[in-house]
file model_5.cif (mmCIF, C-alpha atoms)
data_my_file
#
loop_
_atom_site.label_atom_id
_atom_site.label_comp_id
_atom_site.auth_asym_id
_atom_site.auth_seq_id
_atom_site.Cartn_x
_atom_site.Cartn_y
_atom_site.Cartn_z
CA MET Q 1 -19.02 -13.74 6.79
CA SER Q 2 -17.50 -14.89 10.07
CA ARG Q 3 -20.05 -16.40 12.52
CA GLU Q 4 -17.88 -16.39 15.65
CA PHE Q 5 -16.55 -13.72 17.93
CA SER Q 6 -12.82 -13.09 17.99
CA LYS Q 7 -11.27 -14.64 21.07
CA ILE Q 8 -8.77 -12.85 23.28
CA LYS Q 9 -6.61 -14.74 25.75
CA GLU Q 10 -3.30 -14.64 27.53
CA SER Q 11 -0.69 -17.37 27.29
CA LEU Q 12 2.18 -18.71 29.33
CA ALA Q 13 5.30 -19.21 27.24
CA SER Q 14 9.05 -19.02 27.28
CA TRP Q 15 10.91 -15.90 26.23
CA SER Q 16 11.70 -17.31 22.78
CA GLU Q 17 7.97 -17.81 21.98
CA ILE Q 18 6.72 -14.38 23.06
CA ARG Q 19 7.27 -12.69 19.71
CA GLN Q 20 5.40 -15.38 17.75
CA LEU Q 21 2.44 -15.41 20.17
CA LEU Q 22 2.04 -11.63 20.22
CA ARG Q 23 2.22 -11.29 16.42
CA GLY Q 24 0.44 -14.46 15.24
CA GLY Q 25 -1.78 -15.51 18.14
CA GLU Q 26 -2.42 -19.06 19.26
CA GLN Q 27 -4.85 -21.41 17.48
CA GLY Q 28 -6.74 -18.54 15.84
CA GLN Q 29 -7.08 -16.60 19.11
CA LEU Q 30 -5.64 -13.17 19.81
CA VAL Q 31 -2.86 -13.05 22.41
CA PRO Q 32 -2.11 -9.45 23.47
CA VAL Q 33 -0.54 -10.53 26.80
CA VAL Q 34 2.06 -13.25 27.38
CA ILE Q 35 3.19 -14.37 30.81
CA PRO Q 36 6.88 -15.31 30.45
CA LYS Q 37 8.31 -18.27 32.22
CA ASP Q 38 10.95 -17.25 34.72
CA ARG Q 39 14.09 -18.93 33.46
CA ARG Q 40 16.14 -17.73 36.38
CA GLY Q 41 16.85 -20.18 39.19
CA PHE Q 42 19.27 -20.81 41.96
CA SER Q 43 21.58 -23.10 40.01
CA TRP Q 44 24.29 -20.49 40.27
CA MET Q 45 24.14 -20.88 44.07
CA ALA Q 46 25.45 -24.42 43.73
CA LEU Q 47 28.46 -23.06 41.88
CA VAL Q 48 28.96 -20.51 44.65
CA PHE Q 49 28.85 -23.28 47.25
CA LEU Q 50 31.43 -25.25 45.26
CA ALA Q 51 33.65 -22.17 45.10
CA VAL Q 52 33.35 -21.74 48.88
CA TYR Q 53 34.10 -25.44 49.38
CA PHE Q 54 37.29 -25.29 47.32
CA ALA Q 55 38.29 -22.08 49.04
CA GLY Q 56 38.00 -23.91 52.38
CA MET Q 57 40.07 -26.77 51.03
CA ALA Q 58 42.73 -24.31 49.97
CA VAL Q 59 42.91 -23.09 53.54
CA VAL Q 60 42.89 -26.38 55.44
CA THR Q 61 44.73 -28.71 53.05
CA ASP Q 62 48.02 -28.72 51.25
CA LEU Q 63 46.38 -28.39 47.79
CA THR Q 64 46.30 -24.66 48.12
CA VAL Q 65 46.96 -23.66 44.51
CA VAL Q 66 44.69 -26.25 42.90
CA ALA Q 67 41.87 -25.60 45.35
CA ALA Q 68 42.22 -21.82 44.94
CA LEU Q 69 42.10 -22.13 41.13
CA ALA Q 70 39.06 -24.40 41.35
CA ALA Q 71 37.36 -21.93 43.71
CA LEU Q 72 38.06 -19.02 41.32
CA PHE Q 73 36.84 -21.08 38.35
CA PHE Q 74 33.52 -22.00 39.99
CA LEU Q 75 33.07 -18.44 41.27
CA ALA Q 76 33.61 -17.01 37.76
CA LEU Q 77 31.27 -19.61 36.29
CA ALA Q 78 28.61 -18.70 38.88
CA ALA Q 79 29.03 -14.99 38.04
CA ILE Q 80 28.67 -15.65 34.28
CA LEU Q 81 25.61 -17.83 34.81
CA MET Q 82 24.06 -15.23 37.11
CA TRP Q 83 24.77 -12.48 34.53
CA ARG Q 84 23.29 -14.55 31.71
CA LYS Q 85 20.17 -15.40 33.69
CA ALA Q 86 19.66 -11.75 34.69
CA ILE Q 87 19.34 -10.55 31.06
CA ILE Q 88 15.77 -9.64 30.07
CA GLU Q 89 15.07 -8.56 26.43
CA ILE Q 90 11.80 -6.79 25.72
CA GLU Q 91 10.72 -6.84 22.03
CA GLU Q 92 10.14 -3.63 20.12
CA GLY Q 93 6.47 -2.58 20.31
CA THR Q 94 5.88 -4.39 23.61
CA THR Q 95 6.09 -3.38 27.26
CA GLY Q 96 7.10 -5.54 30.21
CA VAL Q 97 5.24 -5.33 33.55
CA ARG Q 98 7.79 -5.53 36.35
CA SER Q 99 6.93 -6.84 39.82
CA ARG Q 100 8.77 -7.33 43.11
CA TRP Q 101 7.58 -9.91 45.61
CA GLY Q 102 4.37 -10.16 43.54
CA ALA Q 103 3.58 -6.42 43.60
CA ILE Q 104 3.69 -4.49 40.31
CA THR Q 105 6.32 -1.79 40.55
CA GLY Q 106 6.46 -0.41 37.00
CA THR Q 107 7.10 -1.16 33.35
CA LEU Q 108 10.12 -2.04 31.24
CA PRO Q 109 10.49 -0.36 27.83
CA PRO Q 110 11.77 -2.26 24.76
CA GLY Q 111 15.43 -3.23 24.95
CA ARG Q 112 17.80 -5.19 27.18
CA HIS Q 113 17.42 -5.02 30.94
CA TYR Q 114 19.12 -6.73 33.91
CA LEU Q 115 17.19 -8.13 36.86
CA TRP Q 116 19.87 -9.13 39.35
CA LEU Q 117 17.65 -9.82 42.33
CA PRO Q 118 15.71 -13.11 42.29
CA TRP Q 119 12.55 -11.52 43.65
CA ASP Q 120 12.44 -9.05 40.68
CA ARG Q 121 10.62 -10.56 37.70
CA VAL Q 122 8.53 -9.73 34.64
CA ASP Q 123 4.91 -10.70 35.25
CA ALA Q 124 3.69 -10.08 31.69
CA VAL Q 125 4.75 -8.78 28.29
CA VAL Q 126 1.99 -6.66 26.74
CA ASP Q 127 1.67 -5.64 23.07
CA THR Q 128 1.20 -1.84 23.29
CA SER Q 129 1.89 -0.78 19.69
CA THR Q 130 -0.25 -3.10 17.55
CA GLU Q 131 -3.86 -2.24 16.77
CA ILE Q 132 -5.57 -5.54 17.53
CA PRO Q 133 -8.52 -6.39 15.20
CA TYR Q 134 -11.70 -7.71 16.77
CA SER Q 135 -14.69 -9.11 14.87
CA ALA Q 136 -18.12 -9.49 16.48
CA PRO Q 137 -21.07 -10.91 14.47
CA ILE Q 138 -24.28 -10.13 16.36
CA VAL Q 139 -27.21 -12.45 15.62
CA ALA Q 140 -30.95 -11.66 15.89
CA CYS Q 141 -30.75 -7.92 16.43
CA PRO Q 142 -34.27 -6.44 16.49
CA THR Q 143 -34.99 -3.26 14.52
CA ALA Q 144 -37.36 -0.42 15.39
CA GLU Q 145 -40.31 -2.56 14.09
CA ASN Q 146 -39.08 -5.45 16.28
CA VAL Q 147 -38.01 -7.43 13.19
CA PRO Q 148 -34.93 -9.49 14.10
CA LEU Q 149 -32.12 -9.02 11.65
CA LYS Q 150 -30.32 -12.15 10.63
CA SER Q 151 -26.91 -10.80 11.69
CA ILE Q 152 -24.82 -7.63 11.92
CA GLU Q 153 -21.08 -7.83 11.44
CA PHE Q 154 -19.20 -5.39 13.68
CA PHE Q 155 -15.47 -4.80 13.38
CA LEU Q 156 -13.22 -2.74 15.61
CA LYS Q 157 -9.55 -2.15 16.39
CA PHE Q 158 -8.21 -1.52 19.86
CA ARG Q 159 -4.83 -0.87 21.39
CA ILE Q 160 -3.59 -1.33 24.95
CA VAL Q 161 -2.32 2.06 26.10
CA ASP Q 162 -1.82 1.29 29.81
CA PRO Q 163 -0.37 -2.20 30.27
CA VAL Q 164 -0.27 -1.94 34.07
CA ALA Q 165 -3.97 -1.07 34.30
CA PHE Q 166 -4.83 -3.81 31.81
CA VAL Q 167 -2.91 -6.55 33.63
CA ARG Q 168 -3.81 -5.43 37.14
CA THR Q 169 -7.50 -4.65 36.53
CA ILE Q 170 -8.94 -7.17 34.10
CA GLY Q 171 -6.52 -9.39 32.18
CA ALA Q 172 -6.91 -10.72 28.66
CA GLY Q 173 -9.42 -13.51 29.42
CA ASN Q 174 -11.85 -11.30 31.31
CA PHE Q 175 -11.41 -8.48 28.80
CA ASP Q 176 -12.69 -10.81 26.06
CA LEU Q 177 -16.00 -11.25 27.90
CA VAL Q 178 -16.32 -7.56 28.75
CA LEU Q 179 -15.57 -6.47 25.17
CA ALA Q 180 -18.04 -8.97 23.64
CA SER Q 181 -20.78 -7.80 26.02
CA ALA Q 182 -20.09 -4.11 25.35
CA VAL Q 183 -20.09 -4.63 21.57
CA GLN Q 184 -23.36 -6.59 21.61
CA ASP Q 185 -25.03 -3.92 23.72
CA ALA Q 186 -23.84 -1.11 21.40
CA ILE Q 187 -24.95 -2.95 18.23
CA ARG Q 188 -28.40 -3.78 19.62
CA GLN Q 189 -28.93 -0.17 20.66
CA ARG Q 190 -27.99 1.00 17.20
CA SER Q 191 -30.26 -1.52 15.43
CA ARG Q 192 -33.20 -0.46 17.64
CA ARG Q 193 -32.98 3.05 16.15
CA VAL Q 194 -33.11 1.84 12.52
CA ASN Q 195 -36.17 0.85 10.49
CA THR Q 196 -36.06 -2.55 8.82
CA GLU Q 197 -36.24 -1.21 5.28
CA ARG Q 198 -33.24 1.02 6.00
CA ALA Q 199 -31.19 -1.68 7.72
CA TYR Q 200 -28.75 -1.83 4.83
CA ASP Q 201 -27.86 1.77 5.59
CA LEU Q 202 -25.95 0.47 8.62
CA ARG Q 203 -23.26 -0.88 6.29
CA GLY Q 204 -20.42 1.61 6.26
CA SER Q 205 -22.36 4.09 8.40
CA ASP Q 206 -20.76 6.43 10.88
CA VAL Q 207 -20.23 4.63 14.19
CA GLY Q 208 -18.32 7.39 15.95
CA ASP Q 209 -20.85 7.51 18.81
CA MET Q 210 -20.46 3.77 19.34
CA GLN Q 211 -16.69 4.12 19.35
CA ASP Q 212 -16.89 6.90 21.95
CA ALA Q 213 -19.20 4.83 24.14
CA LEU Q 214 -16.85 1.84 23.96
CA ASN Q 215 -13.87 4.06 24.84
CA ARG Q 216 -15.73 5.34 27.91
CA GLN Q 217 -16.45 1.77 29.03
CA LEU Q 218 -13.02 0.31 28.26
CA GLY Q 219 -10.87 3.30 29.21
CA ARG Q 220 -10.71 2.17 32.83
CA TYR Q 221 -8.93 -1.00 31.66
CA GLY Q 222 -6.20 0.88 29.80
CA VAL Q 223 -7.67 0.10 26.35
CA ARG Q 224 -8.57 2.54 23.58
CA VAL Q 225 -10.67 1.73 20.53
CA THR Q 226 -8.95 3.27 17.49
CA GLY Q 227 -11.48 2.39 14.79
CA ALA Q 228 -14.82 0.72 14.20
CA ASN Q 229 -17.27 0.03 11.37
CA ILE Q 230 -20.12 -2.20 10.27
CA PRO Q 231 -18.96 -4.08 7.15
CA ASP Q 232 -22.09 -6.19 6.56
CA VAL Q 233 -25.76 -6.52 7.51
CA GLN Q 234 -28.02 -9.49 6.65
CA LEU Q 235 -31.83 -9.27 6.70
CA PRO Q 236 -34.23 -12.18 7.41
CA ASP Q 237 -34.77 -14.44 4.38
CA GLN Q 238 -38.51 -13.63 3.89
CA TYR Q 239 -37.99 -9.91 4.31
CA GLN Q 240 -34.93 -10.11 2.07
CA GLN Q 241 -37.07 -11.70 -0.70
CA HIS Q 242 -39.71 -8.99 -0.26
CA LEU Q 243 -37.00 -6.38 -0.31
CA ALA Q 244 -35.47 -7.99 -3.39
CA THR Q 245 -38.85 -7.74 -5.17
CA ARG Q 246 -39.14 -4.11 -4.18
CA GLU Q 247 -35.61 -3.49 -5.29
CA LYS Q 248 -36.30 -5.21 -8.60
CA VAL Q 249 -39.38 -3.04 -9.21
CA ALA Q 250 -37.45 0.02 -8.13
CA LYS Q 251 -34.60 -0.90 -10.45
CA GLU Q 252 -37.01 -1.41 -13.39
CA LEU Q 253 -38.66 1.91 -12.63
CA SER Q 254 -35.27 3.52 -12.37
CA ALA Q 255 -34.26 1.91 -15.67
CA TYR Q 256 -37.40 3.24 -17.40
CA GLU Q 257 -36.79 6.65 -15.91
CA ARG Q 258 -33.19 6.59 -17.07
CA GLU Q 259 -34.26 5.46 -20.54
CA TRP Q 260 -36.84 8.23 -20.78
CA GLU Q 261 -34.32 10.71 -19.45
CA LEU Q 262 -31.80 9.58 -22.05
CA THR Q 263 -34.42 9.85 -24.83
CA ARG Q 264 -35.42 13.31 -23.66
CA LYS Q 265 -31.80 14.40 -23.42
CA ARG Q 266 -31.08 12.97 -26.85
CA ARG Q 267 -33.99 14.89 -28.40
CA ILE Q 268 -33.02 18.05 -26.57
CA ASP Q 269 -29.45 17.60 -27.71
CA THR Q 270 -30.61 17.11 -31.32
CA LEU Q 271 -32.67 20.31 -31.20
CA LEU Q 272 -29.83 22.19 -29.57
CA MET Q 273 -27.45 20.93 -32.26
CA GLU Q 274 -29.85 22.13 -34.98
CA ILE Q 275 -30.14 25.50 -33.28
CA GLU Q 276 -26.38 25.75 -32.96
CA ARG Q 277 -25.95 24.74 -36.61
CA SER Q 278 -28.44 27.45 -37.69
CA LYS Q 279 -26.66 29.98 -35.51
CA LYS Q 280 -23.31 29.04 -37.03
CA THR Q 281 -24.76 29.35 -40.58
CA ARG Q 282 -26.22 32.74 -39.74
CA ASP Q 283 -23.00 33.88 -38.15
CA ALA Q 284 -21.03 32.69 -41.21
CA ARG Q 285 -23.29 34.65 -43.55
CA VAL Q 286 -23.07 37.73 -41.34
CA VAL Q 287 -19.31 37.39 -41.40
CA GLU Q 288 -19.30 37.10 -45.19
CA VAL Q 289 -21.51 40.21 -45.55
CA LYS Q 290 -19.30 42.15 -43.19
CA ALA Q 291 -16.21 40.97 -45.05
CA ALA Q 292 -17.71 42.06 -48.42
CA TYR Q 293 -18.74 45.41 -46.95
CA ASN Q 294 -15.28 45.97 -45.50
CA LYS Q 295 -13.67 44.94 -48.77
CA ALA Q 296 -15.85 47.41 -50.74
CA ARG Q 297 -14.98 50.16 -48.30
CA LYS Q 298 -11.32 49.33 -48.60
CA ASP Q 299 -11.52 49.31 -52.44
CA VAL Q 300 -13.29 52.70 -52.53
CA ALA Q 301 -10.86 54.16 -50.05
CA ARG Q 302 -7.92 52.78 -52.01
CA MET Q 303 -9.32 54.17 -55.33
CA LEU Q 304 -9.90 57.62 -53.79
CA GLU Q 305 -6.44 57.55 -52.31
CA GLU Q 306 -4.93 56.58 -55.68
CA GLN Q 307 -6.80 59.40 -57.47
CA GLU Q 308 -5.75 61.91 -54.84
CA THR Q 309 -2.19 60.65 -55.10
CA GLU Q 310 -2.24 60.94 -58.91
CA ALA Q 311 -3.69 64.50 -58.77
CA GLN Q 312 -1.10 65.46 -56.21
CA ARG Q 313 1.65 63.94 -58.38
CA VAL Q 314 0.45 65.86 -61.49
CA ARG Q 315 0.21 69.08 -59.49
CA TRP Q 316 3.69 68.55 -58.11
CA GLU Q 317 5.06 67.80 -61.61
CA ILE Q 318 3.48 70.96 -63.07
CA GLU Q 319 4.72 73.07 -60.19
CA ALA Q 320 8.19 71.48 -60.37
CA ARG Q 321 8.38 71.99 -64.16
CA GLY Q 322 7.21 75.63 -63.85
CA ARG Q 323 9.67 76.29 -61.06
CA ALA Q 324 12.46 74.67 -63.11
CA GLU Q 325 11.65 76.76 -66.22
CA LEU Q 326 11.34 79.92 -64.14
CA THR Q 327 14.61 79.17 -62.40
CA ALA Q 328 16.32 78.45 -65.76
CA ALA Q 329 15.01 81.72 -67.24
CA GLU Q 330 16.10 83.65 -64.19
CA ASN Q 331 19.55 81.99 -64.29
CA GLU Q 332 19.90 82.70 -68.02
CA ALA Q 333 18.90 86.34 -67.51
CA LYS Q 334 21.35 86.64 -64.65
CA ALA Q 335 24.08 85.08 -66.80
CA LEU Q 336 23.40 87.47 -69.71
CA ARG Q 337 23.28 90.41 -67.33
CA ARG Q 338 26.54 89.37 -65.72
CA LEU Q 339 28.08 88.77 -69.18
CA ALA Q 340 27.02 92.21 -70.33
CA GLU Q 341 28.41 93.72 -67.16
CA SER Q 342 31.65 91.82 -67.65
CA TYR Q 343 31.89 92.98 -71.30
CA ARG Q 344 31.14 96.51 -70.25
CA ASP Q 345 33.61 96.48 -67.40
CA ASN Q 346 36.40 94.72 -69.34
CA ARG Q 347 36.70 96.75 -72.59
CA ALA Q 348 40.38 97.47 -71.99
CA VAL Q 349 41.01 93.80 -71.48
CA LEU Q 350 39.22 93.04 -74.76
CA ARG Q 351 41.23 95.65 -76.59
CA TYR Q 352 44.46 94.28 -75.14
CA GLU Q 353 43.40 90.78 -76.13
CA LEU Q 354 42.63 92.00 -79.68
CA ALA Q 355 46.02 93.66 -79.97
CA ARG Q 356 47.76 90.60 -78.66
CA ARG Q 357 45.95 88.41 -81.17
CA ARG Q 358 46.95 90.77 -83.96
CA LEU Q 359 50.57 90.51 -82.93
CA ASP Q 360 50.33 86.75 -82.84
CA VAL Q 361 48.84 86.68 -86.32
CA GLY Q 362 51.60 88.99 -87.61
CA ALA Q 363 54.27 86.84 -86.03
CA ARG Q 364 52.84 83.73 -87.66
CA LEU Q 365 52.72 85.49 -91.03
CA ALA Q 366 56.28 86.73 -90.64
CA GLU Q 367 57.47 83.26 -89.78
CA GLN Q 368 55.82 81.78 -92.84
CA ALA Q 369 57.24 84.51 -95.24
CA PRO Q 370 60.32 83.64 -97.43
CA GLN Q 371 63.70 84.86 -96.05
CA PRO Q 372 66.59 86.10 -98.19
CA LEU Q 373 70.08 84.55 -97.89
CA VAL Q 374 73.10 86.80 -98.38
CA VAL Q 375 76.50 85.29 -98.82
CA ARG Q 376 79.43 87.62 -98.42
CA THR Q 377 83.11 87.05 -98.96
CA ARG Q 378 86.06 89.03 -97.84
CA GLU Q 379 87.27 89.88 -101.24
CA GLY Q 380 83.94 91.17 -102.32
CA GLY Q 381 83.88 89.07 -105.44
CA ASP Q 382 82.35 85.78 -106.45
CA SER Q 383 84.45 82.83 -107.40
CA ALA Q 384 83.61 79.54 -108.99
CA LEU Q 385 84.48 77.62 -105.84
CA SER Q 386 82.24 79.71 -103.63
CA THR Q 387 79.41 79.39 -106.11
CA LEU Q 388 79.82 75.61 -106.11
CA LEU Q 389 79.85 75.44 -102.33
CA LEU Q 390 76.82 77.69 -102.11
CA ALA Q 391 74.91 75.51 -104.51
CA GLN Q 392 75.62 72.47 -102.33
CA LEU Q 393 74.74 74.22 -99.07
CA LEU Q 394 71.47 75.87 -100.12
CA PRO Q 395 69.31 72.70 -100.13
CA ARG Q 396 70.68 71.73 -96.69
CA LEU Q 397 70.15 75.16 -95.26
CA SER Q 398 66.63 75.39 -96.56
CA GLY Q 399 65.73 72.00 -94.83
CA ALA Q 400 67.75 72.44 -91.61
CA VAL Q 401 66.82 76.04 -90.75
CA PRO Q 402 63.46 76.23 -89.02
CA ALA Q 403 60.77 78.36 -90.46
CA SER Q 404 60.53 80.48 -87.31
CA ALA Q 405 64.24 81.36 -87.32
CA PRO Q 406 64.86 85.08 -88.00
CA ALA Q 407 66.58 86.30 -91.07
CA ASN Q 408 70.36 86.42 -90.75
CA ALA Q 409 73.37 86.80 -92.86
CA VAL Q 410 75.76 83.99 -93.53
CA ASN Q 411 79.25 85.13 -93.66
CA GLY Q 412 81.73 82.55 -94.84
CA PRO Q 413 85.48 83.02 -94.33
CA SER Q 414 87.59 83.48 -97.31
CA GLN Q 415 89.38 80.41 -98.25
CA PRO Q 416 92.71 80.55 -100.00
CA HIS Q 417 92.58 79.11 -103.38
CA SER Q 418 94.80 76.21 -104.00
#
call {"tool": "encode", "arguments": {"input": "model_5.cif", "output": "structure tokens"}}
result
Amino acid sequence: MSREFSKIKESLASWSEIRQLLRGGEQGQLVPVVIPKDRRGFSWMALVFLAVYFAGMAVVTDLTVVAALAALFFLALAAILMWRKAIIEIEEGTTGVRSRWGAITGTLPPGRHYLWLPWDRVDAVVDTSTEIPYSAPIVACPTAENVPLKSIEFFLKFRIVDPVAFVRTIGAGNFDLVLASAVQDAIRQRSRRVNTERAYDLRGSDVGDMQDALNRQLGRYGVRVTGANIPDVQLPDQYQQHLATREKVAKELSAYEREWELTRKRRIDTLLMEIERSKKTRDARVVEVKAAYNKARKDVARMLEEQETEAQRVRWEIEARGRAELTAAENEAKALRRLAESYRDNRAVLRYELARRRLDVGARLAEQAPQPLVVRTREGGDSALSTLLLAQLLPRLSGAVPASAPANAVNGPSQPHS
């Protein structure tokens, strides 16, 4: 733990060193304010005098052109040097305090600025964006029992919110003394309200009231405390040994209590597991009984449903067979009745059909009966030649003439005998 207060100071440096001093400090000390060296001078006036001198030579001598060019050259060089010396660059996160003839007239924001007049200058460059850490170890702080604590480490962060008030009112060197005094007073007041055995409770405790009190004291200087805490507290060696013994006994007692608590919880957990296992076994058996009961009910219901279905099927088959037989008998009776009516109504048709069949039978019989063949000649007499021709024609006529052909007479013309 650090045994020294943080140191705050202001430094005098050139413009090129301001950034390094504000960000890194100087020799382990915090540098929130840097007084820049004024790099402007009156060297450009010598160039102006030279330009005036050459301008006079151009008027009174014959070297008019050369003297005029020299005068213009020195005048331009003086203007460039004056412009370069007038440039002021303020770093980002910092604020410049501007003064005229030694009186503060305002501030300059970050960026490039031009101070043309020699009596305008930047008195200080203040870091207004960084939260500056500050460590303050307070030694021999008495507690409520008037037991001096070995040390209390106090840490805070502050930021300069009003650079003009800070530079004009107090400055960095004086602010270091004021801040150290205010922090010591706040820490000693806090330790006076704490018992020695509860001194370790200060570590990481809420120090919002201390922060508010410091803001009320330092607000007039343009400073605001943004955070604070107590990272460490050290008790006297003898009291620390006594406290270590008490802590050891308390830890052993706590260990025994935890061991007994673990044993008790383990036994309770074992009993609860046995109870849960018994409950699960009982629930499983209840589930099995309910499943068997539901299965028996389902089997009985299914058997009754099957028997009812079978009885219904048999009844439907008997009814369907009876209806079919009744319908067949009724249809057969209707057919016989209609047939009788048709026979009764169609006697003439039957008689006509019988007569027609008789005629057909007679025609068939007549067709199948032998037919006579009569050969006639003109002369009325038979000759040997006609007999011979008739004997040759008879077999052909008997095979060529169809059986259904009607009987006819064959009349042959008389042939002259040769």
call {"tool": "atom_distance", "arguments": {"input": "model_5.cif", "atom1": "atom CA of Q:Val164", "atom2": "atom CA of Q:Glu91"}}
result
17.0 Å
call {"tool": "atom_distance", "arguments": {"input": "model_5.cif", "atom1": "atom CA of Q:Pro133", "atom2": "atom CA of Q:Ile104"}}
result
28.0 Å
call {"tool": "atom_distance", "arguments": {"input": "model_5.cif", "atom1": "atom CA of Q:Arg100", "atom2": "atom CA of Q:Phe166"}}
result
18.0 Å
call {"tool": "residues_near_point", "arguments": {"input": "model_5.cif", "point": "(9.6, -1.5, 25.2)", "cutoff": "7 Å", "atoms": "all atoms listed in the file", "output": "list in words"}}
result
Ile90, Glu91, Glu92, Gly93, Thr94, Thr95, Gly96, Leu108, Pro109, Pro110 and Gly111 of chain Q
call {"tool": "resolve_selection", "arguments": {"input": "model_5.cif", "expression": "the PyMOL selection byres ((chain Q and resi 155) around 7)", "output": "ChimeraX atom specification"}}
result
/Q:134-136,153-154,156,228-230
call {"tool": "resolve_selection", "arguments": {"input": "model_5.cif", "expression": "the PyMOL selection byres ((chain Q and resi 211-224) around 6)", "output": "ChimeraX atom specification"}}
result
/Q:158-162,165-166,208-210,225
call {"tool": "residues_around", "arguments": {"input": "model_5.cif", "residues": "stretch 8-19 of chain Q", "least_positions_apart": "3", "cutoff": "8 Å", "atoms": "all atoms listed in the file", "output": "list in words"}}
result
Leu22, Arg23, Gln29, Leu30, Val31, Pro32, Val33, Val34, Ile35, Pro36, Lys37, Asp38, Arg39, Glu91, Val125, Gly171, Ala172, Gly173, Phe175 and Asp176 of chain Q
call {"tool": "residues_around", "arguments": {"input": "model_5.cif", "residues": "Q:Leu69", "least_positions_apart": "3", "cutoff": "10 Å", "atoms": "all atoms listed in the file", "output": "PyMOL selection string"}}
result
chain Q and resi 51+54-55+58+64-66+72-75
call {"tool": "axis_aligned_box", "arguments": {"input": "model_5.cif", "around": "stretch 137-148 of chain Q", "padding_each_side": "3 Å", "output": "JSON"}}
result
{"center_x": -30.7, "center_y": -6.4, "center_z": 14.8, "size_x": 25.2, "size_y": 18.0, "size_z": 9.3}
call {"tool": "closest_residue", "arguments": {"input": "model_5.cif", "among": "Q:Glu197, Q:Ala186, Q:Arg302, Q:Ser99", "to": "Q:Arg246", "atoms": "all atoms listed in the file"}}
result
Q:Glu197
call {"tool": "residues_around", "arguments": {"input": "model_5.cif", "residues": "Q:Arg112", "least_positions_apart": "4", "cutoff": "7 Å", "atoms": "only C-alpha atoms", "output": "number ranges by chain"}}
result
Q: 87-90
call {"tool": "residues_around", "arguments": {"input": "model_5.cif", "residues": "Q:Ile138", "least_positions_apart": "2", "cutoff": "12 Å", "atoms": "only C-alpha atoms", "output": "number ranges by chain"}}
result
Q: 1-6, 135-136, 140-142, 148-155, 180-191, 230, 232-234
